[in-house]
file protein.pdb (PDB, C-alpha atoms and all ligand atoms)
MODEL        1
ATOM      1  CA  MET Y  22     -74.116 125.538 -89.078  1.00  0.00           C
ATOM      2  CA  ASP Y  23     -71.102 127.624 -90.206  1.00  0.00           C
ATOM      3  CA  LYS Y  24     -72.202 130.642 -92.126  1.00  0.00           C
ATOM      4  CA  GLN Y  25     -69.785 132.775 -94.087  1.00  0.00           C
ATOM      5  CA  ASN Y  26     -71.750 133.696 -97.169  1.00  0.00           C
ATOM      6  CA  ILE Y  27     -74.775 135.875 -97.638  1.00  0.00           C
ATOM      7  CA  VAL Y  28     -78.096 134.051 -97.888  1.00  0.00           C
ATOM      8  CA  ILE Y  29     -81.291 135.750 -99.008  1.00  0.00           C
ATOM      9  CA  ALA Y  30     -84.373 133.609 -98.350  1.00  0.00           C
ATOM     10  CA  ILE Y  31     -87.576 134.274-100.280  1.00  0.00           C
ATOM     11  CA  ASP Y  32     -90.578 132.186 -99.235  1.00  0.00           C
ATOM     12  CA  GLY Y  33     -94.237 132.366-100.067  1.00  0.00           C
ATOM     13  CA  TYR Y  34     -97.290 130.949-101.776  1.00  0.00           C
ATOM     14  CA  SER Y  35     -97.281 129.366-105.229  1.00  0.00           C
ATOM     15  CA  SER Y  36     -97.205 131.775-108.172  1.00  0.00           C
ATOM     16  CA  CYS Y  37     -96.889 135.037-106.278  1.00  0.00           C
ATOM     17  CA  GLY Y  38     -93.742 136.035-108.168  1.00  0.00           C
ATOM     18  CA  LYS Y  39     -91.023 134.563-105.936  1.00  0.00           C
ATOM     19  CA  SER Y  40     -88.851 133.166-108.688  1.00  0.00           C
ATOM     20  CA  THR Y  41     -89.079 136.279-110.877  1.00  0.00           C
ATOM     21  CA  VAL Y  42     -88.003 138.593-108.090  1.00  0.00           C
ATOM     22  CA  ALA Y  43     -85.422 136.140-106.699  1.00  0.00           C
ATOM     23  CA  LYS Y  44     -83.858 135.702-110.142  1.00  0.00           C
ATOM     24  CA  ALA Y  45     -83.731 139.460-110.758  1.00  0.00           C
ATOM     25  CA  LEU Y  46     -82.258 140.110-107.310  1.00  0.00           C
ATOM     26  CA  ALA Y  47     -79.573 137.444-107.795  1.00  0.00           C
ATOM     27  CA  LYS Y  48     -78.707 138.885-111.189  1.00  0.00           C
ATOM     28  CA  CYS Y  49     -78.304 142.418-109.947  1.00  0.00           C
ATOM     29  CA  LEU Y  50     -76.257 141.387-106.890  1.00  0.00           C
ATOM     30  CA  ASN Y  51     -74.272 138.828-108.869  1.00  0.00           C
ATOM     31  CA  TYR Y  52     -75.371 136.058-106.472  1.00  0.00           C
ATOM     32  CA  VAL Y  53     -76.377 132.520-107.415  1.00  0.00           C
ATOM     33  CA  TYR Y  54     -80.125 131.933-107.719  1.00  0.00           C
ATOM     34  CA  ILE Y  55     -81.514 128.600-106.507  1.00  0.00           C
ATOM     35  CA  ASP Y  56     -85.131 127.633-107.088  1.00  0.00           C
ATOM     36  CA  SER Y  57     -85.749 125.031-104.373  1.00  0.00           C
ATOM     37  CA  GLY Y  58     -89.208 124.264-105.799  1.00  0.00           C
ATOM     38  CA  ALA Y  59     -87.529 123.041-108.991  1.00  0.00           C
ATOM     39  CA  MET Y  60     -85.677 120.461-106.897  1.00  0.00           C
ATOM     40  CA  TYR Y  61     -88.948 119.107-105.416  1.00  0.00           C
ATOM     41  CA  ARG Y  62     -90.364 119.117-108.943  1.00  0.00           C
ATOM     42  CA  ALA Y  63     -87.403 117.088-110.255  1.00  0.00           C
ATOM     43  CA  VAL Y  64     -87.905 114.496-107.505  1.00  0.00           C
ATOM     44  CA  THR Y  65     -91.615 114.334-108.371  1.00  0.00           C
ATOM     45  CA  LEU Y  66     -90.837 113.847-112.056  1.00  0.00           C
ATOM     46  CA  TYR Y  67     -88.471 110.998-111.195  1.00  0.00           C
ATOM     47  CA  PHE Y  68     -91.185 109.348-109.064  1.00  0.00           C
ATOM     48  CA  ILE Y  69     -93.673 109.627-111.959  1.00  0.00           C
ATOM     49  CA  GLN Y  70     -91.236 108.335-114.573  1.00  0.00           C
ATOM     50  CA  ASN Y  71     -90.137 105.399-112.425  1.00  0.00           C
ATOM     51  CA  ASP Y  72     -93.524 104.462-110.925  1.00  0.00           C
ATOM     52  CA  VAL Y  73     -92.229 104.972-107.399  1.00  0.00           C
ATOM     53  CA  ASN Y  74     -94.886 104.128-104.846  1.00  0.00           C
ATOM     54  CA  TYR Y  75     -94.337 107.150-102.607  1.00  0.00           C
ATOM     55  CA  THR Y  76     -96.414 105.709 -99.773  1.00  0.00           C
ATOM     56  CA  GLN Y  77     -93.683 103.061 -99.303  1.00  0.00           C
ATOM     57  CA  THR Y  78     -90.734 104.429 -97.326  1.00  0.00           C
ATOM     58  CA  ASP Y  79     -88.265 101.869 -98.696  1.00  0.00           C
ATOM     59  CA  GLN Y  80     -89.154 102.755-102.292  1.00  0.00           C
ATOM     60  CA  VAL Y  81     -88.789 106.470-101.544  1.00  0.00           C
ATOM     61  CA  GLU Y  82     -85.414 106.002 -99.874  1.00  0.00           C
ATOM     62  CA  GLN Y  83     -84.158 103.811-102.701  1.00  0.00           C
ATOM     63  CA  ALA Y  84     -85.341 106.363-105.281  1.00  0.00           C
ATOM     64  CA  LEU Y  85     -83.677 109.259-103.455  1.00  0.00           C
ATOM     65  CA  GLU Y  86     -80.359 107.417-103.642  1.00  0.00           C
ATOM     66  CA  ASN Y  87     -80.737 107.264-107.422  1.00  0.00           C
ATOM     67  CA  ILE Y  88     -81.706 110.908-107.923  1.00  0.00           C
ATOM     68  CA  HIS Y  89     -78.990 113.356-108.885  1.00  0.00           C
ATOM     69  CA  ILE Y  90     -80.095 116.959-109.421  1.00  0.00           C
ATOM     70  CA  GLU Y  91     -77.797 119.575-110.943  1.00  0.00           C
ATOM     71  CA  ILE Y  92     -78.445 123.257-111.481  1.00  0.00           C
ATOM     72  CA  ILE Y  93     -76.596 124.801-114.417  1.00  0.00           C
ATOM     73  CA  SER Y  94     -76.566 128.619-114.354  1.00  0.00           C
ATOM     74  CA  GLU Y  95     -75.862 130.268-117.672  1.00  0.00           C
ATOM     75  CA  ASP Y  96     -76.464 133.899-118.689  1.00  0.00           C
ATOM     76  CA  GLY Y  97     -78.810 134.471-115.766  1.00  0.00           C
ATOM     77  CA  THR Y  98     -81.025 131.450-116.459  1.00  0.00           C
ATOM     78  CA  ASN Y  99     -80.982 128.136-114.654  1.00  0.00           C
ATOM     79  CA  ASN Y 100     -81.311 124.757-116.275  1.00  0.00           C
ATOM     80  CA  TYR Y 101     -82.191 121.752-114.145  1.00  0.00           C
ATOM     81  CA  LEU Y 102     -80.723 118.338-114.861  1.00  0.00           C
ATOM     82  CA  LEU Y 103     -82.201 115.143-113.468  1.00  0.00           C
ATOM     83  CA  ASN Y 104     -79.628 112.361-113.718  1.00  0.00           C
ATOM     84  CA  GLY Y 105     -77.922 114.240-116.539  1.00  0.00           C
ATOM     85  CA  LYS Y 106     -81.075 114.966-118.560  1.00  0.00           C
ATOM     86  CA  ASP Y 107     -82.376 118.526-118.963  1.00  0.00           C
ATOM     87  CA  VAL Y 108     -85.856 118.592-117.379  1.00  0.00           C
ATOM     88  CA  THR Y 109     -86.236 122.391-117.109  1.00  0.00           C
ATOM     89  CA  ALA Y 110     -89.464 122.495-119.146  1.00  0.00           C
ATOM     90  CA  GLU Y 111     -90.909 119.146-118.093  1.00  0.00           C
ATOM     91  CA  ILE Y 112     -90.865 119.915-114.362  1.00  0.00           C
ATOM     92  CA  ARG Y 113     -93.305 122.826-115.002  1.00  0.00           C
ATOM     93  CA  GLU Y 114     -95.938 120.611-116.641  1.00  0.00           C
ATOM     94  CA  MET Y 115     -99.270 120.046-114.899  1.00  0.00           C
ATOM     95  CA  LYS Y 116     -98.586 116.343-114.306  1.00  0.00           C
ATOM     96  CA  VAL Y 117     -95.765 117.457-111.975  1.00  0.00           C
ATOM     97  CA  SER Y 118     -97.645 120.461-110.488  1.00  0.00           C
ATOM     98  CA  GLU Y 119    -100.505 118.153-109.531  1.00  0.00           C
ATOM     99  CA  LEU Y 120     -98.302 115.833-107.471  1.00  0.00           C
ATOM    100  CA  VAL Y 121     -95.405 117.949-106.231  1.00  0.00           C
ATOM    101  CA  SER Y 122     -97.045 119.240-103.039  1.00  0.00           C
ATOM    102  CA  GLU Y 123     -97.890 115.685-102.051  1.00  0.00           C
ATOM    103  CA  ILE Y 124     -94.325 114.506-102.642  1.00  0.00           C
ATOM    104  CA  SER Y 125     -93.002 117.515-100.700  1.00  0.00           C
ATOM    105  CA  THR Y 126     -94.781 116.335 -97.568  1.00  0.00           C
ATOM    106  CA  ILE Y 127     -92.562 113.232 -97.333  1.00  0.00           C
ATOM    107  CA  ARG Y 128     -89.962 113.581 -94.598  1.00  0.00           C
ATOM    108  CA  ALA Y 129     -87.190 111.650 -96.391  1.00  0.00           C
ATOM    109  CA  VAL Y 130     -87.642 113.825 -99.489  1.00  0.00           C
ATOM    110  CA  ARG Y 131     -87.405 117.027 -97.427  1.00  0.00           C
ATOM    111  CA  GLU Y 132     -84.335 115.838 -95.519  1.00  0.00           C
ATOM    112  CA  SER Y 133     -82.549 115.022 -98.740  1.00  0.00           C
ATOM    113  CA  MET Y 134     -83.438 118.353-100.401  1.00  0.00           C
ATOM    114  CA  VAL Y 135     -82.584 120.448 -97.324  1.00  0.00           C
ATOM    115  CA  SER Y 136     -79.123 118.944 -96.983  1.00  0.00           C
ATOM    116  CA  GLN Y 137     -78.421 119.545-100.695  1.00  0.00           C
ATOM    117  CA  GLN Y 138     -79.708 123.120-100.390  1.00  0.00           C
ATOM    118  CA  ARG Y 139     -77.444 123.831 -97.418  1.00  0.00           C
ATOM    119  CA  ARG Y 140     -74.445 122.467 -99.298  1.00  0.00           C
ATOM    120  CA  MET Y 141     -75.209 124.812-102.195  1.00  0.00           C
ATOM    121  CA  SER Y 142     -74.613 127.872-100.024  1.00  0.00           C
ATOM    122  CA  ALA Y 143     -71.283 126.615 -98.699  1.00  0.00           C
ATOM    123  CA  ASP Y 144     -69.032 128.690-100.911  1.00  0.00           C
ATOM    124  CA  LYS Y 145     -71.198 131.347-102.505  1.00  0.00           C
ATOM    125  CA  ASN Y 146     -73.697 134.117-101.892  1.00  0.00           C
ATOM    126  CA  ILE Y 147     -77.157 132.903-102.809  1.00  0.00           C
ATOM    127  CA  VAL Y 148     -80.767 133.920-103.282  1.00  0.00           C
ATOM    128  CA  MET Y 149     -82.984 130.881-102.679  1.00  0.00           C
ATOM    129  CA  ASP Y 150     -86.741 130.794-103.010  1.00  0.00           C
ATOM    130  CA  GLY Y 151     -89.200 128.204-101.701  1.00  0.00           C
ATOM    131  CA  ARG Y 152     -91.525 127.485 -98.796  1.00  0.00           C
ATOM    132  CA  ASP Y 153     -89.250 126.754 -95.843  1.00  0.00           C
ATOM    133  CA  ILE Y 154     -86.029 128.572 -96.677  1.00  0.00           C
ATOM    134  CA  GLY Y 155     -86.246 131.197 -93.926  1.00  0.00           C
ATOM    135  CA  THR Y 156     -87.808 128.842 -91.378  1.00  0.00           C
ATOM    136  CA  ALA Y 157     -86.016 125.495 -91.823  1.00  0.00           C
ATOM    137  CA  VAL Y 158     -83.245 125.529 -94.428  1.00  0.00           C
ATOM    138  CA  PHE Y 159     -81.533 128.779 -93.410  1.00  0.00           C
ATOM    139  CA  PRO Y 160     -83.034 130.039 -90.139  1.00  0.00           C
ATOM    140  CA  ASP Y 161     -80.043 132.425 -89.916  1.00  0.00           C
ATOM    141  CA  ALA Y 162     -80.491 133.889 -93.400  1.00  0.00           C
ATOM    142  CA  ASP Y 163     -79.296 137.489 -93.731  1.00  0.00           C
ATOM    143  CA  VAL Y 164     -82.533 138.626 -95.369  1.00  0.00           C
ATOM    144  CA  LYS Y 165     -85.917 136.883 -95.202  1.00  0.00           C
ATOM    145  CA  ILE Y 166     -88.812 137.906 -97.410  1.00  0.00           C
ATOM    146  CA  PHE Y 167     -92.277 136.331 -97.214  1.00  0.00           C
ATOM    147  CA  MET Y 168     -94.303 136.868-100.389  1.00  0.00           C
ATOM    148  CA  THR Y 169     -98.008 136.663-100.919  1.00  0.00           C
ATOM    149  CA  ALA Y 170    -100.619 137.887-103.423  1.00  0.00           C
ATOM    150  CA  ASP Y 171    -104.327 137.655-104.066  1.00  0.00           C
ATOM    151  CA  LEU Y 172    -105.346 134.168-105.344  1.00  0.00           C
ATOM    152  CA  ASN Y 173    -106.941 135.515-108.551  1.00  0.00           C
ATOM    153  CA  VAL Y 174    -103.876 137.604-109.367  1.00  0.00           C
ATOM    154  CA  ARG Y 175    -101.662 134.575-108.834  1.00  0.00           C
ATOM    155  CA  ALA Y 176    -103.893 132.387-111.012  1.00  0.00           C
ATOM    156  CA  GLU Y 177    -103.830 134.910-113.880  1.00  0.00           C
ATOM    157  CA  ARG Y 178    -100.031 135.070-113.742  1.00  0.00           C
ATOM    158  CA  ARG Y 179     -99.695 131.273-113.673  1.00  0.00           C
ATOM    159  CA  LEU Y 180    -102.195 130.863-116.523  1.00  0.00           C
ATOM    160  CA  LYS Y 181    -100.140 133.225-118.687  1.00  0.00           C
ATOM    161  CA  GLU Y 182     -96.943 131.268-117.916  1.00  0.00           C
ATOM    162  CA  LEU Y 183     -98.573 127.937-118.768  1.00  0.00           C
ATOM    163  CA  GLN Y 184    -100.158 129.282-121.949  1.00  0.00           C
ATOM    164  CA  ASN Y 185     -96.821 130.746-123.024  1.00  0.00           C
ATOM    165  CA  ALA Y 186     -95.367 127.259-122.603  1.00  0.00           C
ATOM    166  CA  GLY Y 187     -98.097 125.902-124.934  1.00  0.00           C
ATOM    167  CA  ALA Y 188    -100.449 124.379-122.348  1.00  0.00           C
ATOM    168  CA  VAL Y 189    -104.209 124.334-122.931  1.00  0.00           C
ATOM    169  CA  ILE Y 190    -105.753 124.985-119.535  1.00  0.00           C
ATOM    170  CA  SER Y 191    -108.566 127.001-117.976  1.00  0.00           C
ATOM    171  CA  ILE Y 192    -108.324 129.591-115.204  1.00  0.00           C
ATOM    172  CA  GLU Y 193    -110.597 127.355-113.072  1.00  0.00           C
ATOM    173  CA  GLU Y 194    -108.099 124.488-113.272  1.00  0.00           C
ATOM    174  CA  VAL Y 195    -105.252 126.809-112.305  1.00  0.00           C
ATOM    175  CA  ILE Y 196    -107.214 128.177-109.315  1.00  0.00           C
ATOM    176  CA  LYS Y 197    -108.032 124.630-108.222  1.00  0.00           C
ATOM    177  CA  ASN Y 198    -104.370 123.586-108.407  1.00  0.00           C
ATOM    178  CA  LEU Y 199    -103.136 126.681-106.534  1.00  0.00           C
ATOM    179  CA  THR Y 200    -105.754 126.285-103.801  1.00  0.00           C
ATOM    180  CA  HIS Y 201    -104.861 122.630-103.390  1.00  0.00           C
ATOM    181  CA  ARG Y 202    -101.126 123.396-103.194  1.00  0.00           C
ATOM    182  CA  ASP Y 203    -101.651 126.284-100.733  1.00  0.00           C
ATOM    183  CA  HIS Y 204    -103.617 123.942 -98.504  1.00  0.00           C
ATOM    184  CA  GLN Y 205    -101.067 121.155 -98.683  1.00  0.00           C
ATOM    185  CA  ASP Y 206     -98.060 123.482 -98.281  1.00  0.00           C
ATOM    186  CA  THR Y 207     -99.476 125.255 -95.213  1.00  0.00           C
ATOM    187  CA  THR Y 208    -100.960 122.261 -93.402  1.00  0.00           C
ATOM    188  CA  ARG Y 209     -98.297 119.575 -93.871  1.00  0.00           C
ATOM    189  CA  GLN Y 210     -96.493 118.264 -90.804  1.00  0.00           C
ATOM    190  CA  GLU Y 211     -92.933 118.666 -92.100  1.00  0.00           C
ATOM    191  CA  SER Y 212     -91.843 122.336 -92.267  1.00  0.00           C
ATOM    192  CA  PRO Y 213     -95.132 123.830 -93.434  1.00  0.00           C
ATOM    193  CA  LEU Y 214     -95.190 127.110 -95.309  1.00  0.00           C
ATOM    194  CA  THR Y 215     -95.327 129.843 -92.702  1.00  0.00           C
ATOM    195  CA  LYS Y 216     -93.823 133.283 -92.305  1.00  0.00           C
ATOM    196  CA  ALA Y 217     -90.662 133.286 -90.186  1.00  0.00           C
ATOM    197  CA  LYS Y 218     -90.993 135.718 -87.267  1.00  0.00           C
ATOM    198  CA  ASP Y 219     -88.220 137.889 -88.652  1.00  0.00           C
ATOM    199  CA  ALA Y 220     -89.337 137.774 -92.311  1.00  0.00           C
ATOM    200  CA  ILE Y 221     -90.460 140.922 -94.097  1.00  0.00           C
ATOM    201  CA  MET Y 222     -93.903 140.659 -95.687  1.00  0.00           C
ATOM    202  CA  LEU Y 223     -94.258 141.510 -99.374  1.00  0.00           C
ATOM    203  CA  ASP Y 224     -97.752 141.491-100.921  1.00  0.00           C
ATOM    204  CA  THR Y 225     -97.314 141.676-104.693  1.00  0.00           C
ATOM    205  CA  SER Y 226    -101.035 141.832-105.644  1.00  0.00           C
ATOM    206  CA  SER Y 227    -100.749 145.326-107.060  1.00  0.00           C
ATOM    207  CA  MET Y 228     -97.009 145.638-107.623  1.00  0.00           C
ATOM    208  CA  ASN Y 229     -95.187 145.310-110.900  1.00  0.00           C
ATOM    209  CA  GLU Y 230     -91.896 143.409-111.224  1.00  0.00           C
ATOM    210  CA  GLN Y 231     -89.728 146.518-110.945  1.00  0.00           C
ATOM    211  CA  GLU Y 232     -91.497 147.615-107.753  1.00  0.00           C
ATOM    212  CA  GLN Y 233     -90.994 144.166-106.245  1.00  0.00           C
ATOM    213  CA  LEU Y 234     -87.317 144.198-107.177  1.00  0.00           C
ATOM    214  CA  ASP Y 235     -86.835 147.704-105.720  1.00  0.00           C
ATOM    215  CA  PHE Y 236     -88.411 146.493-102.479  1.00  0.00           C
ATOM    216  CA  VAL Y 237     -86.115 143.487-102.058  1.00  0.00           C
ATOM    217  CA  VAL Y 238     -83.019 145.404-103.178  1.00  0.00           C
ATOM    218  CA  ASN Y 239     -83.790 148.005-100.539  1.00  0.00           C
ATOM    219  CA  GLU Y 240     -84.281 145.389 -97.798  1.00  0.00           C
ATOM    220  CA  THR Y 241     -81.055 143.637 -98.818  1.00  0.00           C
ATOM    221  CA  LYS Y 242     -79.146 146.908 -98.718  1.00  0.00           C
ATOM    222  CA  LYS Y 243     -80.442 147.678 -95.206  1.00  0.00           C
ATOM    223  CA  ALA Y 244     -79.528 144.228 -93.876  1.00  0.00           C
ATOM    224  CA  THR Y 245     -76.262 143.438 -95.652  1.00  0.00           C
ATOM    225  CA  LYS Y 246     -74.979 146.705 -97.200  1.00  0.00           C
ATOM    226  CA  SER Y 247     -74.852 144.767-100.514  1.00  0.00           C
ATOM    227  CA  SER Y 248     -76.117 146.807-103.399  1.00  0.00           C
ATOM    228  CA  CYS Y 249     -76.737 146.339-107.110  1.00  0.00           C
TER     229      CYS Y 249
HETATM  230  O1  LIG Y 301     -92.073 126.970-106.088  1.00  0.00           O
HETATM  231  P1  LIG Y 301     -92.863 125.869-106.810  1.00  0.00           P
HETATM  232  O2  LIG Y 301     -94.314 126.203-106.999  1.00  0.00           O
HETATM  233  O3  LIG Y 301     -92.207 125.450-108.070  1.00  0.00           O
HETATM  234  O4  LIG Y 301     -92.793 124.623-105.808  1.00  0.00           O
HETATM  235  C1  LIG Y 301     -93.407 123.403-106.122  1.00  0.00           C
HETATM  236  C2  LIG Y 301     -93.820 122.673-104.857  1.00  0.00           C
HETATM  237  O5  LIG Y 301     -92.656 122.284-104.140  1.00  0.00           O
HETATM  238  C3  LIG Y 301     -94.677 123.463-103.882  1.00  0.00           C
HETATM  239  O6  LIG Y 301     -96.047 123.226-104.078  1.00  0.00           O
HETATM  240  C4  LIG Y 301     -94.241 122.957-102.531  1.00  0.00           C
HETATM  241  C5  LIG Y 301     -92.885 122.368-102.748  1.00  0.00           C
HETATM  242  N1  LIG Y 301     -91.791 123.123-102.127  1.00  0.00           N
HETATM  243  C6  LIG Y 301     -91.524 122.860-100.810  1.00  0.00           C
HETATM  244  O7  LIG Y 301     -92.223 122.074-100.184  1.00  0.00           O
HETATM  245  N2  LIG Y 301     -90.467 123.472-100.210  1.00  0.00           N
HETATM  246  C7  LIG Y 301     -89.703 124.342-100.875  1.00  0.00           C
HETATM  247  N3  LIG Y 301     -88.664 124.920-100.262  1.00  0.00           N
HETATM  248  C8  LIG Y 301     -89.986 124.639-102.228  1.00  0.00           C
HETATM  249  C9  LIG Y 301     -91.060 124.014-102.831  1.00  0.00           C
ENDMDL
END
call {"tool": "encode", "arguments": {"input": "protein.pdb", "output": "structure tokens"}}
result
Amino acid sequence: MDKQNIVIAIDGYSSCGKSTVAKALAKCLNYVYIDSGAMYRAVTLYFIQNDVNYTQTDQVEQALENIHIEIISEDGTNNYLLNGKDVTAEIREMKVSELVSEISTIRAVRESMVSQQRRMSADKNIVMDGRDIGTAVFPDADVKIFMTADLNVRAERRLKELQNAGAVISIEEVIKNLTHRDHQDTTRQESPLTKAKDAIMLDTSSMNEQEQLDFVVNETKKATKSSC
């Protein structure tokens, strides 16, 4: 793979603050932020809306041909379009969260997402977050961060996000969903969530957002000389 641009890969468990720190890092470096999880969520939403039987390879392959995902970056926020329709809010709903890890285990889905993700870095510096960015999508990334945090801390953060979006949900349901996704993400056959050997560990359990940003800015500066 030709590599001319800077790639910062941020992987880790669900709801440990990856997207917040990745977004802030991209903003301060003036890089493009790509939330790879949003792409898997958009595919999942399409499968739900179109009753795709995801256990049938031919249906999955046919669906993937009909899925067009666009990321529109404006004023530091990303909007996600699925076949031209803005699905930014809908892809965060529980109906998608409950199925997305399952859909992400499908090889054809991963192959399609990974090739789109690689194309996205072709002509720009990027910060991409996800589960397999430093291990499978960009094994030569300039900076690799692996994020984790205590399950209860993650659940509290996720609950707040969902409640802010108007959802009525209990902490127990959030813990159940996170535990299920952790299990599926780490045990799947296709590029499971795991720390790349050369990734730097970042445990955010007792760090605020500024401390997390300072940490990644510092690591980026050491590895690439880029600075905010
Ligand atoms: O980052 P997130 O929680 O929005 O991601 C949703 C799901 O997508 C997550 O449970 C696993 C999957 N995912 C993946 O398999 N690979 C990625 N690079 C990003 C997300």
call {"tool": "closest_residue", "arguments": {"input": "protein.pdb", "among": "Y:Glu232, Y:Asp219, Y:Glu211, Y:Asp96", "to": "Y:Gly155", "atoms": "all atoms listed in the file"}}
result
Y:Asp219
call {"tool": "atom_distance", "arguments": {"input": "protein.pdb", "atom1": "atom CA of Y:Asp150", "atom2": "atom CA of Y:Thr225"}}
result
15.3 Å
call {"tool": "residues_near_ligand", "arguments": {"input": "protein.pdb", "ligand": "ligand LIG 301 (chain Y)", "cutoff": "9 Å", "atoms": "all atoms listed in the file", "output": "count of residues only"}}
result
47
call {"tool": "closest_residue", "arguments": {"input": "protein.pdb", "among": "Y:Asn239, Y:Thr98, Y:Thr109, Y:Gln77", "to": "Y:Lys48", "atoms": "only C-alpha atoms"}}
result
Y:Thr98
call {"tool": "resolve_selection", "arguments": {"input": "protein.pdb", "expression": "the PyMOL selection byres (((chain Y and resi 89) around 8) and not hetatm)", "output": "mmCIF file with C-alpha atoms, keeping the file's coordinate frame"}}
result
data_model
loop_
_atom_site.group_PDB
_atom_site.id
_atom_site.type_symbol
_atom_site.label_atom_id
_atom_site.label_comp_id
_atom_site.auth_asym_id
_atom_site.auth_seq_id
_atom_site.Cartn_x
_atom_site.Cartn_y
_atom_site.Cartn_z
ATOM 1 C CA ASN Y 87 -80.737 107.264 -107.422
ATOM 2 C CA ILE Y 88 -81.706 110.908 -107.923
ATOM 3 C CA ILE Y 90 -80.095 116.959 -109.421
ATOM 4 C CA GLU Y 91 -77.797 119.575 -110.943
ATOM 5 C CA LEU Y 102 -80.723 118.338 -114.861
ATOM 6 C CA LEU Y 103 -82.201 115.143 -113.468
ATOM 7 C CA ASN Y 104 -79.628 112.361 -113.718
ATOM 8 C CA GLY Y 105 -77.922 114.240 -116.539
#
call {"tool": "closest_residue", "arguments": {"input": "protein.pdb", "among": "Y:Thr76, Y:Ser191, Y:Gln70, Y:Thr41", "to": "Y:Leu234", "atoms": "all atoms listed in the file"}}
result
Y:Thr41
